[in-house]
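In what follows, a structure is listed as structure tokens, so that the remarks can point back to it.
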Amino acid sequence: MFLTVNLAQDQSKISRYLSSTLLDEIENTLKKWEKILIYLNKRGSHNSLVCKDCQHLWECQNCDVSLSVHNNPRKLLCHLCGNSEWFPLECKNCHGTNLLTVGVGTQQIEETLGVYFKKNDLNIYRFDSDSMKNISSKKAAIGELEAADIIIGTKMITTGFDFERVGLIGVVLVEQELGYPSFDAEERAYANLKQLIGRWNRKSQETNIVLQTFIPKHQSVLSLTETHMKGFFIKTLKERQSFSYPPYRELIRLEYRDTSAEKTLQFIGKLESKLQEYNTDNAYTIISSSTTFRKNNSHHGSCIVKWENLRDLLKNIEPLILRTSKLSVVFS
Ligand SMILES: [Zn+2]
Ligand SMILES: [Zn+2]
């Protein structure tokens, strides 16, 4: 089951960001003794502006991200290219004045769910970079995560984990994923979200997905639905048992950019087949983008590769890397 919930119409009594639909689904999933993943952006530092009447979302004219609401001075700012505009008095699309600043953090969701489901004595675990600071090792975190009934997490839960019996994925606020708080492309929450949905869709049709948003008709929200339907985003991801995330495995991102989206995708396709040539025994995992991401008017696409000895692999594709200045290699 795949549901998009319009938060403007379905807000529960306990929170603006937890619909009664999502709360009901959580309850149903708990009855089946299955795990629940509640996903939202990194500590909720990003607030977007939407029009409640026509669902217009304020976005950057140069990049595929929503603008971030800032106070003092009250402005809308793009965190990727620095473009800014004054906070509007009315909607530029329908001239309505019902403008909503939307954004929520992991801690807030954890507290609200804790109060709501207290009677069931649940094990709710918040997994983000703040909670990770209090845990001595990532291995210990895996134990905690396995024991949890509800995991509330940021992009860290989208990579490398392989939980059994995930009955429900809830995305708290999709528009929050459309802008990032940093220039680091690893923070691409939206790409991560697509990956998360694509991944579980491939793994099991049984996992229910609930997307909450104030802008259900926005192209990015519709595109997530498409990702679910077609399961196309991750073509070659091999499900891994282990925690295949640095430092346990090396991870690189090969990123290509061009003013033409088509050329970027062509190059990424070529790069992926080249990488697959050296992947005869399926020793590594390749995740390549099937859509591009616009940053400062250039279209970015990437292949993410996880393996234990990436340097050897890079040596093999060196000629391809050296031939173009539009390709960058990022290690993490
Ligand atoms: Zn409007
Ligand atoms: Zn921008």
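Identifiers in the structure tokens: chain A, B, ... in order shown; residue index from 1 per chain; ligand index from 1 in order shown.
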
Near-ligand residues for ligand 2, threshold 8 Å, only C-alpha atoms and all ligand atoms, as a ChimeraX atom specification: /A:60-65,67,78-83,295-296

Go ahead and write the residues just picked, C-alpha atoms, as a tab-separated table (two decimals), in the first residue's frame.
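After the write, selection30.tsv holds the following:
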chain	number	residue	atom	x	y	z
A	60	CYS	CA	14.99	28.42	-6.07
A	61	GLN	CA	14.97	29.61	-9.67
A	62	ASN	CA	18.45	28.13	-10.26
A	63	CYS	CA	18.31	24.86	-8.34
A	64	ASP	CA	15.92	21.97	-7.67
A	65	VAL	CA	15.49	22.82	-3.99
A	67	LEU	CA	13.94	28.00	-0.41
A	78	CYS	CA	18.65	29.00	-1.26
A	79	HIS	CA	21.23	26.97	0.65
A	80	LEU	CA	22.85	25.77	-2.55
A	81	CYS	CA	23.46	28.91	-4.63
A	82	GLY	CA	22.79	31.69	-2.13
A	83	ASN	CA	19.94	33.20	-4.12
A	295	LYS	CA	22.25	22.88	-8.87
A	296	ASN	CA	23.01	26.43	-9.96

Using only C-alpha atoms and all ligand atoms, which residues of chain A come within 12 Å of ligand 1, and what is the closest atom pair for each, with the distance in Å to one decimal? Give it as a tab-separated table, sorted by chain and residue number.
residue	atom	partner	partner_atom_place_in_ligand_line	distance
A:Leu49	CA	ligand 1	1 (Zn)	10.8
A:Val50	CA	ligand 1	1 (Zn)	7.9
A:Cys51	CA	ligand 1	1 (Zn)	4.6
A:Lys52	CA	ligand 1	1 (Zn)	6.7
A:Asp53	CA	ligand 1	1 (Zn)	5.1
A:Cys54	CA	ligand 1	1 (Zn)	4.1
A:Gln55	CA	ligand 1	1 (Zn)	6.1
A:His56	CA	ligand 1	1 (Zn)	5.4
A:Leu57	CA	ligand 1	1 (Zn)	8.6
A:Trp58	CA	ligand 1	1 (Zn)	10.2
A:Pro88	CA	ligand 1	1 (Zn)	11.4
A:Leu89	CA	ligand 1	1 (Zn)	11.3
A:Glu90	CA	ligand 1	1 (Zn)	7.8
A:Cys91	CA	ligand 1	1 (Zn)	4.6
A:Lys92	CA	ligand 1	1 (Zn)	6.6
A:Asn93	CA	ligand 1	1 (Zn)	5.0
A:Cys94	CA	ligand 1	1 (Zn)	4.1
A:His95	CA	ligand 1	1 (Zn)	5.9
A:Gly96	CA	ligand 1	1 (Zn)	5.2
A:Thr97	CA	ligand 1	1 (Zn)	7.6
A:Asn98	CA	ligand 1	1 (Zn)	7.6
A:Leu99	CA	ligand 1	1 (Zn)	7.9
A:Leu100	CA	ligand 1	1 (Zn)	10.5
A:Ile215	CA	ligand 1	1 (Zn)	11.0

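Interatomic distance, CA of Met1 in chain A to CA of Ile209 in chain A: 6.3 Å.
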
Which residues are close to range 298-307 of chain A, i.e. within 10 Å by only C-alpha atoms, leaving aside same-chain residues fewer than 5 positions away? Reply as number ranges by chain. A: 62-64, 160, 237, 244-246, 248-269, 271-272, 275, 282-293, 313, 326-331

Would you put the residues from that selection into a file with N, CA and C atoms, as a compact mmCIF listing (two decimals), in the first residue's frame?
# COMPACT_ATOMS: atom_id res chain seq x y z
N ASN A 62 17.26 28.74 -9.66
CA ASN A 62 18.45 28.13 -10.26
C ASN A 62 18.64 26.67 -9.92
N CYS A 63 18.03 26.21 -8.84
CA CYS A 63 18.31 24.86 -8.34
C CYS A 63 17.00 24.11 -8.07
N ASP A 64 17.10 22.76 -8.00
CA ASP A 64 15.92 21.97 -7.67
C ASP A 64 15.75 21.82 -6.16
N GLY A 160 22.51 1.44 3.81
CA GLY A 160 23.28 0.38 4.45
C GLY A 160 22.55 -0.49 5.45
N LEU A 237 21.08 -2.29 -7.03
CA LEU A 237 21.42 -2.43 -5.61
C LEU A 237 21.24 -3.87 -5.14
N SER A 244 26.72 -1.95 5.41
CA SER A 244 27.69 -1.59 4.37
C SER A 244 27.79 -0.08 4.20
N TYR A 245 28.35 0.53 5.15
CA TYR A 245 28.44 1.99 5.19
C TYR A 245 29.78 2.30 5.83
N PRO A 246 30.47 3.38 5.44
CA PRO A 246 31.77 3.66 6.04
C PRO A 246 31.63 3.72 7.56
N TYR A 248 32.90 0.66 7.60
CA TYR A 248 32.97 -0.78 7.33
C TYR A 248 33.22 -1.08 5.86
N ARG A 249 32.73 -0.21 5.02
CA ARG A 249 33.00 -0.35 3.59
C ARG A 249 33.33 1.02 3.03
N GLU A 250 34.15 1.01 2.02
CA GLU A 250 34.46 2.29 1.38
C GLU A 250 33.30 2.69 0.48
N LEU A 251 33.14 3.96 0.35
CA LEU A 251 32.04 4.45 -0.47
C LEU A 251 32.53 5.65 -1.28
N ILE A 252 32.30 5.61 -2.57
CA ILE A 252 32.64 6.81 -3.35
C ILE A 252 31.44 7.23 -4.18
N ARG A 253 31.43 8.49 -4.48
CA ARG A 253 30.39 9.01 -5.37
C ARG A 253 31.08 9.59 -6.59
N LEU A 254 30.72 9.11 -7.77
CA LEU A 254 31.23 9.66 -9.01
C LEU A 254 30.15 10.58 -9.53
N GLU A 255 30.47 11.85 -9.54
CA GLU A 255 29.42 12.81 -9.87
C GLU A 255 29.71 13.53 -11.17
N TYR A 256 28.71 13.56 -12.05
CA TYR A 256 28.89 14.20 -13.34
C TYR A 256 27.91 15.37 -13.46
N ARG A 257 28.38 16.45 -14.11
CA ARG A 257 27.48 17.58 -14.28
C ARG A 257 27.56 18.13 -15.71
N ASP A 258 26.44 18.58 -16.21
CA ASP A 258 26.40 19.16 -17.55
C ASP A 258 25.20 20.11 -17.60
N THR A 259 25.24 21.05 -18.53
CA THR A 259 24.09 21.95 -18.64
C THR A 259 22.89 21.21 -19.25
N SER A 260 23.15 20.07 -19.90
CA SER A 260 22.05 19.28 -20.43
C SER A 260 21.80 18.05 -19.56
N ALA A 261 20.55 17.89 -19.15
CA ALA A 261 20.17 16.75 -18.29
C ALA A 261 20.37 15.44 -19.05
N GLU A 262 20.06 15.49 -20.34
CA GLU A 262 20.17 14.30 -21.18
C GLU A 262 21.62 13.80 -21.24
N LYS A 263 22.55 14.75 -21.45
CA LYS A 263 23.96 14.37 -21.53
C LYS A 263 24.45 13.79 -20.22
N THR A 264 23.98 14.37 -19.12
CA THR A 264 24.38 13.86 -17.80
C THR A 264 23.93 12.40 -17.66
N LEU A 265 22.68 12.14 -18.01
CA LEU A 265 22.16 10.77 -17.87
C LEU A 265 22.88 9.79 -18.80
N GLN A 266 23.20 10.28 -19.99
CA GLN A 266 23.95 9.43 -20.94
C GLN A 266 25.29 9.03 -20.34
N PHE A 267 25.98 10.03 -19.78
CA PHE A 267 27.30 9.75 -19.21
C PHE A 267 27.18 8.79 -18.03
N ILE A 268 26.19 9.01 -17.19
CA ILE A 268 26.01 8.15 -16.01
C ILE A 268 25.73 6.70 -16.46
N GLY A 269 24.95 6.57 -17.53
CA GLY A 269 24.66 5.23 -18.08
C GLY A 269 25.94 4.55 -18.54
N LEU A 271 29.01 5.27 -17.63
CA LEU A 271 29.85 5.03 -16.46
C LEU A 271 29.41 3.75 -15.73
N GLU A 272 28.11 3.61 -15.61
CA GLU A 272 27.58 2.44 -14.91
C GLU A 272 27.95 1.15 -15.65
N LEU A 275 31.57 0.39 -15.08
CA LEU A 275 31.79 -0.15 -13.73
C LEU A 275 31.33 -1.61 -13.65
N ASN A 282 30.11 -9.64 -8.79
CA ASN A 282 29.21 -8.84 -7.94
C ASN A 282 29.83 -8.45 -6.61
N ALA A 283 31.08 -8.08 -6.67
CA ALA A 283 31.80 -7.76 -5.43
C ALA A 283 31.37 -6.42 -4.85
N TYR A 284 30.88 -5.56 -5.69
CA TYR A 284 30.46 -4.27 -5.14
C TYR A 284 29.06 -3.85 -5.60
N THR A 285 28.54 -2.85 -4.92
CA THR A 285 27.18 -2.38 -5.15
C THR A 285 27.23 -1.04 -5.86
N ILE A 286 26.46 -0.89 -6.91
CA ILE A 286 26.42 0.39 -7.63
C ILE A 286 25.01 0.96 -7.56
N ILE A 287 24.93 2.20 -7.17
CA ILE A 287 23.63 2.87 -7.16
C ILE A 287 23.76 4.07 -8.08
N SER A 288 23.03 4.06 -9.19
CA SER A 288 23.17 5.22 -10.07
C SER A 288 21.85 5.95 -10.21
N SER A 289 21.96 7.25 -10.43
CA SER A 289 20.74 8.03 -10.48
C SER A 289 20.05 7.89 -11.83
N SER A 290 18.72 7.83 -11.79
CA SER A 290 17.97 7.74 -13.05
C SER A 290 17.34 9.09 -13.37
N THR A 291 17.53 10.05 -12.46
CA THR A 291 17.07 11.41 -12.74
C THR A 291 18.23 12.34 -12.38
N THR A 292 18.19 13.57 -12.89
CA THR A 292 19.27 14.49 -12.54
C THR A 292 18.78 15.47 -11.50
N PHE A 293 19.74 16.15 -10.90
CA PHE A 293 19.43 17.12 -9.88
C PHE A 293 20.05 18.45 -10.29
N LEU A 313 39.48 -0.44 -8.33
CA LEU A 313 38.40 -0.18 -9.28
C LEU A 313 38.63 1.13 -10.01
N LYS A 326 34.21 17.27 -16.11
CA LYS A 326 32.89 17.43 -15.51
C LYS A 326 32.57 16.32 -14.49
N LEU A 327 33.54 15.39 -14.36
CA LEU A 327 33.32 14.29 -13.43
C LEU A 327 34.15 14.51 -12.19
N SER A 328 33.51 14.41 -11.03
CA SER A 328 34.32 14.49 -9.81
C SER A 328 34.13 13.24 -8.97
N VAL A 329 35.19 12.90 -8.22
CA VAL A 329 35.18 11.70 -7.42
C VAL A 329 35.24 12.11 -5.94
N VAL A 330 34.24 11.69 -5.19
CA VAL A 330 34.19 12.09 -3.78
C VAL A 330 34.26 10.84 -2.90
N PHE A 331 35.24 10.80 -1.99
CA PHE A 331 35.36 9.66 -1.07
C PHE A 331 34.66 10.00 0.24

Record the distance separating CA of Thr29 in chain A and CA of Thr213 in chain A, expressed in Å with one decimal.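 Going from CA of Thr29 in chain A over to CA of Thr213 in chain A covers 21.1 Å.
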